[in-house]
Amino acid sequence: MSIIFGAYIIMNLIGLIVMKVDKDRAKKHQYRISEKTLWLIALFGGAVGTTAGMQLYRHKTKHLSFKFGFPILALAEIILLGYFYSL
């Protein structure tokens with residue numbers, strides 16, 4: 001189980017960092033990280049990190065799919081992680 005928790009922590013750190021990088025790129029009018037990539041990171045365990053990054057860096061907060069989708073996915077991931085650790 002510690003491998004799963006470790007992977008979960010790493011994915012969320014990646015999610016947080018990717019949101020920061022994309023926000024910085026947006027400010028500089030540079031090539032952006034695709035929304036598909038942001039969603040894939042969130043779906044593969046990084047939803048808490050992407051949600052935190054969205055709030056911390058005020059990035060993608062006007063997009064309803066991100067504003068509501070990331071937190072809902074983060075909650076689902078936390079519930080699943082809690083369920084697997086309770087087995």
# chains A, B, ... in the order shown; residues from 1 in each chain; ligands from 1
>>> residues_around(residues="range 46-50 of chain A", least_positions_apart="2", cutoff="10 Å", atoms="only C-alpha atoms", output="PDB file with N, CA and C atoms, in the first residue's frame")
ATOM      1  N   ALA A   7       2.944   6.966  -4.969  1.00  0.00           N
ATOM      2  CA  ALA A   7       2.565   7.379  -6.325  1.00  0.00           C
ATOM      3  C   ALA A   7       1.529   8.491  -6.267  1.00  0.00           C
ATOM      4  N   TYR A   8       0.620   8.402  -5.325  1.00  0.00           N
ATOM      5  CA  TYR A   8      -0.414   9.422  -5.142  1.00  0.00           C
ATOM      6  C   TYR A   8       0.225  10.769  -4.789  1.00  0.00           C
ATOM      7  N   ILE A   9       1.177  10.766  -3.893  1.00  0.00           N
ATOM      8  CA  ILE A   9       1.872  11.993  -3.496  1.00  0.00           C
ATOM      9  C   ILE A   9       2.633  12.577  -4.694  1.00  0.00           C
ATOM     10  N   ILE A  10       3.331  11.737  -5.423  1.00  0.00           N
ATOM     11  CA  ILE A  10       4.102  12.198  -6.581  1.00  0.00           C
ATOM     12  C   ILE A  10       3.188  12.801  -7.649  1.00  0.00           C
ATOM     13  N   MET A  11       2.071  12.132  -7.944  1.00  0.00           N
ATOM     14  CA  MET A  11       1.152  12.650  -8.957  1.00  0.00           C
ATOM     15  C   MET A  11       0.573  14.003  -8.542  1.00  0.00           C
ATOM     16  N   ASN A  12       0.310  14.162  -7.263  1.00  0.00           N
ATOM     17  CA  ASN A  12      -0.242  15.437  -6.810  1.00  0.00           C
ATOM     18  C   ASN A  12       0.800  16.549  -6.828  1.00  0.00           C
ATOM     19  N   LEU A  13       2.034  16.224  -6.551  1.00  0.00           N
ATOM     20  CA  LEU A  13       3.105  17.213  -6.698  1.00  0.00           C
ATOM     21  C   LEU A  13       3.268  17.612  -8.164  1.00  0.00           C
ATOM     22  N   ILE A  14       3.192  16.634  -9.045  1.00  0.00           N
ATOM     23  CA  ILE A  14       3.253  16.913 -10.481  1.00  0.00           C
ATOM     24  C   ILE A  14       2.083  17.807 -10.885  1.00  0.00           C
ATOM     25  N   GLY A  15       0.889  17.500 -10.401  1.00  0.00           N
ATOM     26  CA  GLY A  15      -0.288  18.317 -10.709  1.00  0.00           C
ATOM     27  C   GLY A  15      -0.121  19.754 -10.262  1.00  0.00           C
ATOM     28  N   LEU A  16       0.403  19.950  -9.069  1.00  0.00           N
ATOM     29  CA  LEU A  16       0.633  21.291  -8.537  1.00  0.00           C
ATOM     30  C   LEU A  16       1.657  22.043  -9.389  1.00  0.00           C
ATOM     31  N   ILE A  17       2.753  21.378  -9.713  1.00  0.00           N
ATOM     32  CA  ILE A  17       3.816  22.000 -10.503  1.00  0.00           C
ATOM     33  C   ILE A  17       3.336  22.333 -11.914  1.00  0.00           C
ATOM     34  N   VAL A  18       2.596  21.431 -12.521  1.00  0.00           N
ATOM     35  CA  VAL A  18       2.116  21.648 -13.888  1.00  0.00           C
ATOM     36  C   VAL A  18       1.162  22.848 -13.951  1.00  0.00           C
ATOM     37  N   MET A  19       0.339  23.005 -12.948  1.00  0.00           N
ATOM     38  CA  MET A  19      -0.551  24.171 -12.929  1.00  0.00           C
ATOM     39  C   MET A  19       0.254  25.463 -12.820  1.00  0.00           C
ATOM     40  N   LYS A  20       1.311  25.463 -12.030  1.00  0.00           N
ATOM     41  CA  LYS A  20       2.179  26.636 -11.901  1.00  0.00           C
ATOM     42  C   LYS A  20       2.885  26.937 -13.220  1.00  0.00           C
ATOM     43  N   LEU A  38      -3.703  18.311 -18.590  1.00  0.00           N
ATOM     44  CA  LEU A  38      -4.084  18.659 -17.218  1.00  0.00           C
ATOM     45  C   LEU A  38      -5.115  17.663 -16.674  1.00  0.00           C
ATOM     46  N   TRP A  39      -6.086  17.308 -17.502  1.00  0.00           N
ATOM     47  CA  TRP A  39      -7.099  16.342 -17.079  1.00  0.00           C
ATOM     48  C   TRP A  39      -6.500  14.951 -16.860  1.00  0.00           C
ATOM     49  N   LEU A  40      -5.586  14.552 -17.724  1.00  0.00           N
ATOM     50  CA  LEU A  40      -4.963  13.232 -17.560  1.00  0.00           C
ATOM     51  C   LEU A  40      -4.173  13.152 -16.259  1.00  0.00           C
ATOM     52  N   ILE A  41      -3.458  14.211 -15.920  1.00  0.00           N
ATOM     53  CA  ILE A  41      -2.727  14.236 -14.654  1.00  0.00           C
ATOM     54  C   ILE A  41      -3.706  14.110 -13.492  1.00  0.00           C
ATOM     55  N   ALA A  42      -4.805  14.849 -13.570  1.00  0.00           N
ATOM     56  CA  ALA A  42      -5.815  14.781 -12.513  1.00  0.00           C
ATOM     57  C   ALA A  42      -6.441  13.389 -12.426  1.00  0.00           C
ATOM     58  N   LEU A  43      -6.754  12.797 -13.568  1.00  0.00           N
ATOM     59  CA  LEU A  43      -7.389  11.473 -13.587  1.00  0.00           C
ATOM     60  C   LEU A  43      -6.484  10.362 -13.083  1.00  0.00           C
ATOM     61  N   PHE A  44      -5.182  10.519 -13.277  1.00  0.00           N
ATOM     62  CA  PHE A  44      -4.239   9.495 -12.838  1.00  0.00           C
ATOM     63  C   PHE A  44      -3.708   9.748 -11.434  1.00  0.00           C
ATOM     64  N   ALA A  52      -5.409  22.191  -5.962  1.00  0.00           N
ATOM     65  CA  ALA A  52      -4.647  23.125  -5.126  1.00  0.00           C
ATOM     66  C   ALA A  52      -3.922  24.152  -5.990  1.00  0.00           C
ATOM     67  N   GLY A  53      -3.325  23.705  -7.084  1.00  0.00           N
ATOM     68  CA  GLY A  53      -2.645  24.615  -7.993  1.00  0.00           C
ATOM     69  C   GLY A  53      -3.593  25.602  -8.639  1.00  0.00           C
ATOM     70  N   MET A  54      -4.781  25.122  -8.976  1.00  0.00           N
ATOM     71  CA  MET A  54      -5.787  25.998  -9.568  1.00  0.00           C
ATOM     72  C   MET A  54      -6.140  27.129  -8.601  1.00  0.00           C
ATOM     73  N   GLN A  55      -6.314  26.806  -7.332  1.00  0.00           N
ATOM     74  CA  GLN A  55      -6.666  27.813  -6.341  1.00  0.00           C
ATOM     75  C   GLN A  55      -5.462  28.675  -5.960  1.00  0.00           C
ATOM     76  N   LEU A  56      -4.335  28.065  -5.731  1.00  0.00           N
ATOM     77  CA  LEU A  56      -3.138  28.777  -5.290  1.00  0.00           C
ATOM     78  C   LEU A  56      -2.642  29.776  -6.331  1.00  0.00           C
ATOM     79  N   HIS A  59      -5.534  29.802 -11.492  1.00  0.00           N
ATOM     80  CA  HIS A  59      -5.388  29.380 -12.883  1.00  0.00           C
ATOM     81  C   HIS A  59      -6.535  28.448 -13.260  1.00  0.00           C
ATOM     82  N   PHE A  66     -13.092  22.813 -15.049  1.00  0.00           N
ATOM     83  CA  PHE A  66     -11.987  22.720 -14.089  1.00  0.00           C
ATOM     84  C   PHE A  66     -12.459  23.120 -12.692  1.00  0.00           C
ATOM     85  N   GLY A  69     -14.949  20.217 -11.849  1.00  0.00           N
ATOM     86  CA  GLY A  69     -14.472  18.873 -12.143  1.00  0.00           C
ATOM     87  C   GLY A  69     -13.281  18.446 -11.311  1.00  0.00           C
ATOM     88  N   PHE A  70     -12.277  19.322 -11.176  1.00  0.00           N
ATOM     89  CA  PHE A  70     -11.092  18.971 -10.393  1.00  0.00           C
ATOM     90  C   PHE A  70     -11.428  18.703  -8.931  1.00  0.00           C
ATOM     91  N   PRO A  71     -12.203  19.581  -8.263  1.00  0.00           N
ATOM     92  CA  PRO A  71     -12.526  19.288  -6.855  1.00  0.00           C
ATOM     93  C   PRO A  71     -13.358  18.016  -6.664  1.00  0.00           C
ATOM     94  N   ILE A  72     -14.283  17.755  -7.577  1.00  0.00           N
ATOM     95  CA  ILE A  72     -15.086  16.531  -7.478  1.00  0.00           C
ATOM     96  C   ILE A  72     -14.189  15.310  -7.656  1.00  0.00           C
ATOM     97  N   LEU A  73     -13.302  15.376  -8.628  1.00  0.00           N
ATOM     98  CA  LEU A  73     -12.368  14.275  -8.857  1.00  0.00           C
ATOM     99  C   LEU A  73     -11.425  14.109  -7.664  1.00  0.00           C
ATOM    100  N   ALA A  74     -10.982  15.219  -7.083  1.00  0.00           N
ATOM    101  CA  ALA A  74     -10.101  15.158  -5.908  1.00  0.00           C
ATOM    102  C   ALA A  74     -10.813  14.475  -4.745  1.00  0.00           C
ATOM    103  N   LEU A  75     -12.059  14.834  -4.526  1.00  0.00           N
ATOM    104  CA  LEU A  75     -12.835  14.197  -3.455  1.00  0.00           C
ATOM    105  C   LEU A  75     -12.979  12.700  -3.704  1.00  0.00           C
ATOM    106  N   ALA A  76     -13.264  12.321  -4.938  1.00  0.00           N
ATOM    107  CA  ALA A  76     -13.390  10.899  -5.280  1.00  0.00           C
ATOM    108  C   ALA A  76     -12.070  10.160  -5.035  1.00  0.00           C
ATOM    109  N   GLU A  77     -10.952  10.792  -5.393  1.00  0.00           N
ATOM    110  CA  GLU A  77      -9.651  10.153  -5.182  1.00  0.00           C
ATOM    111  C   GLU A  77      -9.348   9.992  -3.692  1.00  0.00           C
ATOM    112  N   ILE A  78      -9.692  10.986  -2.893  1.00  0.00           N
ATOM    113  CA  ILE A  78      -9.470  10.894  -1.444  1.00  0.00           C
ATOM    114  C   ILE A  78     -10.327   9.788  -0.845  1.00  0.00           C
TER     115      ILE A  78
END
>>> select_by_dssp(residues="range 1-86 of chain A", states="alpha helix (DSSP H)", output="PyMOL selection string")
chain A and resi 2-27+35-41+47-56+64-86
>>> closest_residue(among="A:Tyr31, A:Gly45, A:Ser2, A:Thr51", to="Leu80 in chain A", atoms="only C-alpha atoms")
A:Gly45
>>> atom_distance(atom1="CA of Lys27 in chain A", atom2="CA of His63 in chain A")
16.9 Å
>>> atom_distance(atom1="CA of Tyr57 in chain A", atom2="CA of Lys23 in chain A")
7.1 Å
>>> atom_distance(atom1="CA of Val21 in chain A", atom2="CA of Leu81 in chain A")
27.0 Å
